[in-house]
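Have a look at the structure below before the remarks.
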There are 2 protein chains.
Amino acid sequence: MTERLFQQFAFLNEADRLKSVLRATTLCDGSRRENSAEHSWHLALYAMVLADHAPADVSIDRVIRMLILHDLVEIDVGDVPIHSANGHAHASAETIAAEQRAADRIFGLLPPDLAAQYRALWDEFEAVESPDAIFAKSLDRVQPVMANLMSGGGSWKTYNVTFDQLEARVGGKVARGAPRLWEWVRGQVRPWFG
Amino acid sequence: MTERLFQQFAFLNEADRLKSVLRATTLCDGSRRENSAEHSWHLALYAMVLADHAPADVSIDRVIRMLILHDLVEIDVGDVPIHSANGHAHASAETIAAEQRAADRIFGLLPPDLAAQYRALWDEFEAVESPDAIFAKSLDRVQPVMANLMSGGGSWKTYNVTFDQLEARVGGKVARGAPRLWEWVRGQVRPWFG
């Protein structure tokens with residue numbers, strides 16, 4: 001048990017570093033940039049509150065676990081803003097390879113049973129094919145939209161994002177998992193873009 | 001649906017303010033004080049990773065939901081450090097009354113069904129009587145112990161905490177929900193107190 005606890009806390013202490021990974025979006029009050037740990041907490045709360053937008057075959061508890069883990073690789077790779085490099089940096093081959101190496105290292109700190117379980121959950125999130133992952137990804141995409149709207153533009157201003165770019169890079173992914181949710185959010189943000 | 005979504009997002013946007021509530025403990029690297037949103041995320045991860053320390057009748061998914069919600073009242077009340085005022089401020093009658101008013105206001109932003117559900121979960125956490133709440137409270141008490149240990153003392157130094165005080169204010173609550181966990185953590189922290 002002692003060896004297992006050393007591994008569990010090696011992982012939990014390493015995970016603390018996610019609190020120092022800064023994202024492109026700010027808090028809703030615009031006071032500072034959001035970090036990836038508090039973003040992950042907010043997404044877990046999104047999953048609880050917006051569960052009525054998930055299809056019936058989605059397990060919200062699995063979605064919550066997925067969202068708690070989903071950004072841990074950023075401890076090594078950092079956050080790659082979706083609108084940076086004109087929308088091309090986010091899912092580049094280099095970023096994906098670096099995130100795979102990060103997942104090997106970080107989940108590898110855990111006892112083997114937990115390492116395998118969390119790696120599978122993270123792989124599922126990244127693949128965006130299962131109903132749980134598709135809904136989780138919708139939430140991951142919609143939360144920064146609300147943060148930008150509340151803070152007066154946020155990363156839309158930083159990267160000169162147009163409404164069409166938002167639709168293409170973000171709207172489609174939100175709508176895939178939660179179509180009525182995107183319809184409503186779209187209506188809220190449309191006026192901001194003039 | 002539109003009215004419901006307005007209420008859901010009124011709550012989710014208000015919840016963002018938890019990211020600005022600062023705690024007495026710092027990040028593990030000592031670089032800054034931890035906020036209550038990222039603390040809540042870390043606790044959800046603790047629940048996942050340390051689930052094997054929970055008694056068999058504990059639902060880890062309920063524990064995770066409880067931990068995601070447990071500090072929202074601090075948006076109005078702030079964090080009351082467990083070692084402040086020589087250990088007497090934390091569960092004072094004034095603090096408890098203020099937290100009740102905060103719960104009324106904050107959960108009251110939600111649609112009635114969600115408001116009732118989350119309030120019941122928060123009340124259960126605060127009462128620390130159910131197996132789920134007792135385990136959740138163990139994690140809430142043990143995470144700052146690890147943060148203080150990693151950062152070289154943290155709030156133990158701020159408040160001149162002795163090992164006996166740590167045992168009395170923290171150890172008992174961790175041990176109540178996870179006795180073997182406290183036994184191990186106790187052994188890790190004992191040398192720090194000399």
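Chain labels follow the order of the structure tokens: the first chain is A, the next B, and so on; residue numbering restarts at 1 in every chain, and ligands are counted from 1 in their shown order.
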
Would you mind listing, for every residue of chain B within 7 Å of chain A, the two atoms forming the shortest contact and the distance between them in Å to one decimal, using only C-alpha atoms, sorted by chain and ascending residue number, as CSV?
```
residue,atom,partner,partner_atom,distance
B:Gln8,CA,A:Val49,CA,6.5
B:Leu12,CA,A:Tyr46,CA,6.9
B:Asp16,CA,A:Cys28,CA,6.5
B:Lys19,CA,A:Glu38,CA,6.6
B:Leu27,CA,A:Asp16,CA,6.9
B:Cys28,CA,A:Asp16,CA,6.6
B:Ala37,CA,A:Glu38,CA,5.3
B:Glu38,CA,A:Glu38,CA,4.3
B:Ser40,CA,A:Trp41,CA,6.7
B:Trp41,CA,A:Trp41,CA,4.7
B:Leu45,CA,A:Ile68,CA,6.7
B:Tyr46,CA,A:Leu12,CA,6.9
B:Val49,CA,A:Gln8,CA,6.5
B:Asp61,CA,A:Asp61,CA,6.2
B:Ile68,CA,A:Leu45,CA,6.7
```

(Q) Among stretch 13-155 of chain B, which residues does DSSP mark as strand (DSSP E) when it is run on the backbone? Keep the chain and numbering as in the structure and answer as an NGL selection string. (A) :B and (22-26 or 33-35)

Could you write out that same residue set with all heavy atoms as a PDB file, in the first residue's frame?
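Resulting contents of out-v5.pdb:
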```
ATOM      1  N   LEU B  22      -9.394  33.507  -2.731  1.00  0.00           N
ATOM      2  CA  LEU B  22      -8.076  32.968  -2.375  1.00  0.00           C
ATOM      3  C   LEU B  22      -8.096  32.248  -1.036  1.00  0.00           C
ATOM      4  O   LEU B  22      -8.760  32.667  -0.097  1.00  0.00           O
ATOM      5  CB  LEU B  22      -7.040  34.100  -2.348  1.00  0.00           C
ATOM      6  CG  LEU B  22      -6.815  34.794  -3.685  1.00  0.00           C
ATOM      7  CD1 LEU B  22      -5.734  35.868  -3.556  1.00  0.00           C
ATOM      8  CD2 LEU B  22      -6.445  33.802  -4.783  1.00  0.00           C
ATOM      9  N   ARG B  23      -7.333  31.153  -0.993  1.00  0.00           N
ATOM     10  CA  ARG B  23      -7.215  30.342   0.214  1.00  0.00           C
ATOM     11  C   ARG B  23      -5.900  30.651   0.953  1.00  0.00           C
ATOM     12  O   ARG B  23      -5.030  31.318   0.420  1.00  0.00           O
ATOM     13  CB  ARG B  23      -7.241  28.857  -0.185  1.00  0.00           C
ATOM     14  CG  ARG B  23      -8.562  28.430  -0.790  1.00  0.00           C
ATOM     15  CD  ARG B  23      -8.494  27.063  -1.456  1.00  0.00           C
ATOM     16  NE  ARG B  23      -7.780  26.084  -0.668  1.00  0.00           N
ATOM     17  CZ  ARG B  23      -8.286  25.426   0.390  1.00  0.00           C
ATOM     18  NH1 ARG B  23      -9.527  25.628   0.746  1.00  0.00           N
ATOM     19  NH2 ARG B  23      -7.551  24.559   1.058  1.00  0.00           N
ATOM     20  N   ALA B  24      -5.784  30.111   2.162  1.00  0.00           N
ATOM     21  CA  ALA B  24      -4.560  30.334   2.948  1.00  0.00           C
ATOM     22  C   ALA B  24      -3.388  29.531   2.383  1.00  0.00           C
ATOM     23  O   ALA B  24      -2.238  29.956   2.479  1.00  0.00           O
ATOM     24  CB  ALA B  24      -4.796  29.955   4.404  1.00  0.00           C
ATOM     25  N   THR B  25      -3.670  28.373   1.793  1.00  0.00           N
ATOM     26  CA  THR B  25      -2.595  27.539   1.251  1.00  0.00           C
ATOM     27  C   THR B  25      -2.119  28.068  -0.101  1.00  0.00           C
ATOM     28  O   THR B  25      -2.863  28.757  -0.808  1.00  0.00           O
ATOM     29  CB  THR B  25      -3.078  26.085   1.050  1.00  0.00           C
ATOM     30  OG1 THR B  25      -4.375  26.115   0.470  1.00  0.00           O
ATOM     31  CG2 THR B  25      -3.132  25.341   2.359  1.00  0.00           C
ATOM     32  N   THR B  26      -0.889  27.720  -0.433  1.00  0.00           N
ATOM     33  CA  THR B  26      -0.332  28.109  -1.731  1.00  0.00           C
ATOM     34  C   THR B  26      -0.343  26.896  -2.663  1.00  0.00           C
ATOM     35  O   THR B  26      -0.650  25.779  -2.239  1.00  0.00           O
ATOM     36  CB  THR B  26       1.130  28.592  -1.590  1.00  0.00           C
ATOM     37  OG1 THR B  26       1.942  27.483  -1.213  1.00  0.00           O
ATOM     38  CG2 THR B  26       1.248  29.717  -0.572  1.00  0.00           C
ATOM     39  N   ARG B  33      -0.970  32.031  -3.795  1.00  0.00           N
ATOM     40  CA  ARG B  33      -2.041  31.380  -3.059  1.00  0.00           C
ATOM     41  C   ARG B  33      -2.957  30.631  -4.031  1.00  0.00           C
ATOM     42  O   ARG B  33      -3.145  31.039  -5.172  1.00  0.00           O
ATOM     43  CB  ARG B  33      -2.842  32.417  -2.263  1.00  0.00           C
ATOM     44  CG  ARG B  33      -2.056  32.923  -1.049  1.00  0.00           C
ATOM     45  CD  ARG B  33      -2.697  34.136  -0.429  1.00  0.00           C
ATOM     46  NE  ARG B  33      -3.994  33.832   0.167  1.00  0.00           N
ATOM     47  CZ  ARG B  33      -4.830  34.773   0.623  1.00  0.00           C
ATOM     48  NH1 ARG B  33      -4.503  36.053   0.537  1.00  0.00           N
ATOM     49  NH2 ARG B  33      -5.970  34.429   1.168  1.00  0.00           N
ATOM     50  N   GLU B  34      -3.486  29.538  -3.537  1.00  0.00           N
ATOM     51  CA  GLU B  34      -4.426  28.733  -4.321  1.00  0.00           C
ATOM     52  C   GLU B  34      -5.806  29.388  -4.287  1.00  0.00           C
ATOM     53  O   GLU B  34      -6.174  30.005  -3.287  1.00  0.00           O
ATOM     54  CB  GLU B  34      -4.506  27.346  -3.667  1.00  0.00           C
ATOM     55  CG  GLU B  34      -5.286  26.317  -4.454  1.00  0.00           C
ATOM     56  CD  GLU B  34      -5.457  25.007  -3.669  1.00  0.00           C
ATOM     57  OE1 GLU B  34      -5.638  25.057  -2.431  1.00  0.00           O
ATOM     58  OE2 GLU B  34      -5.411  23.946  -4.318  1.00  0.00           O
ATOM     59  N   ASN B  35      -6.572  29.275  -5.379  1.00  0.00           N
ATOM     60  CA  ASN B  35      -7.953  29.745  -5.319  1.00  0.00           C
ATOM     61  C   ASN B  35      -8.899  28.545  -5.161  1.00  0.00           C
ATOM     62  O   ASN B  35      -8.527  27.387  -5.372  1.00  0.00           O
ATOM     63  CB  ASN B  35      -8.296  30.635  -6.527  1.00  0.00           C
ATOM     64  CG  ASN B  35      -8.439  29.871  -7.825  1.00  0.00           C
ATOM     65  OD1 ASN B  35      -9.277  28.971  -7.943  1.00  0.00           O
ATOM     66  ND2 ASN B  35      -7.600  30.215  -8.817  1.00  0.00           N
TER      67      ASN B  35
END
```

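Proximity of A:Ile82, A:Ile106, A:Ala178, A:Leu121 to A:Leu139, computed with only C-alpha atoms, is greatest for A:Ala178.
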
**Q.** Å distance separating atom CA of A:Leu149 from atom CA of A:Ala133, one decimal place
**A.** 24.9 Å

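With only C-alpha atoms as the atoms that count, the minimum distance from B:Trp182 to the choices B:Ala47, B:Val170, B:Ala116, B:Val77 is reached by B:Val170.
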
Q: Rank nothing, just name the residue among B:Val63, B:Val80, B:Ala120, B:Ile134 nearest to B:Phe107, using only C-alpha atoms.
A: B:Ala120

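The space between atom CA of A:Val73 and atom CA of A:Glu99 spans 5.7 Å.
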
Q. How many Å separate atom CA of A:Val145 from atom CA of A:Ala91?
A. 18.8 Å

Q | Distance criterion (only C-alpha atoms): nearest to A:Lys137 out of A:Trp156, A:Ala102, A:Gly177, A:Asp113 | A | A:Gly177
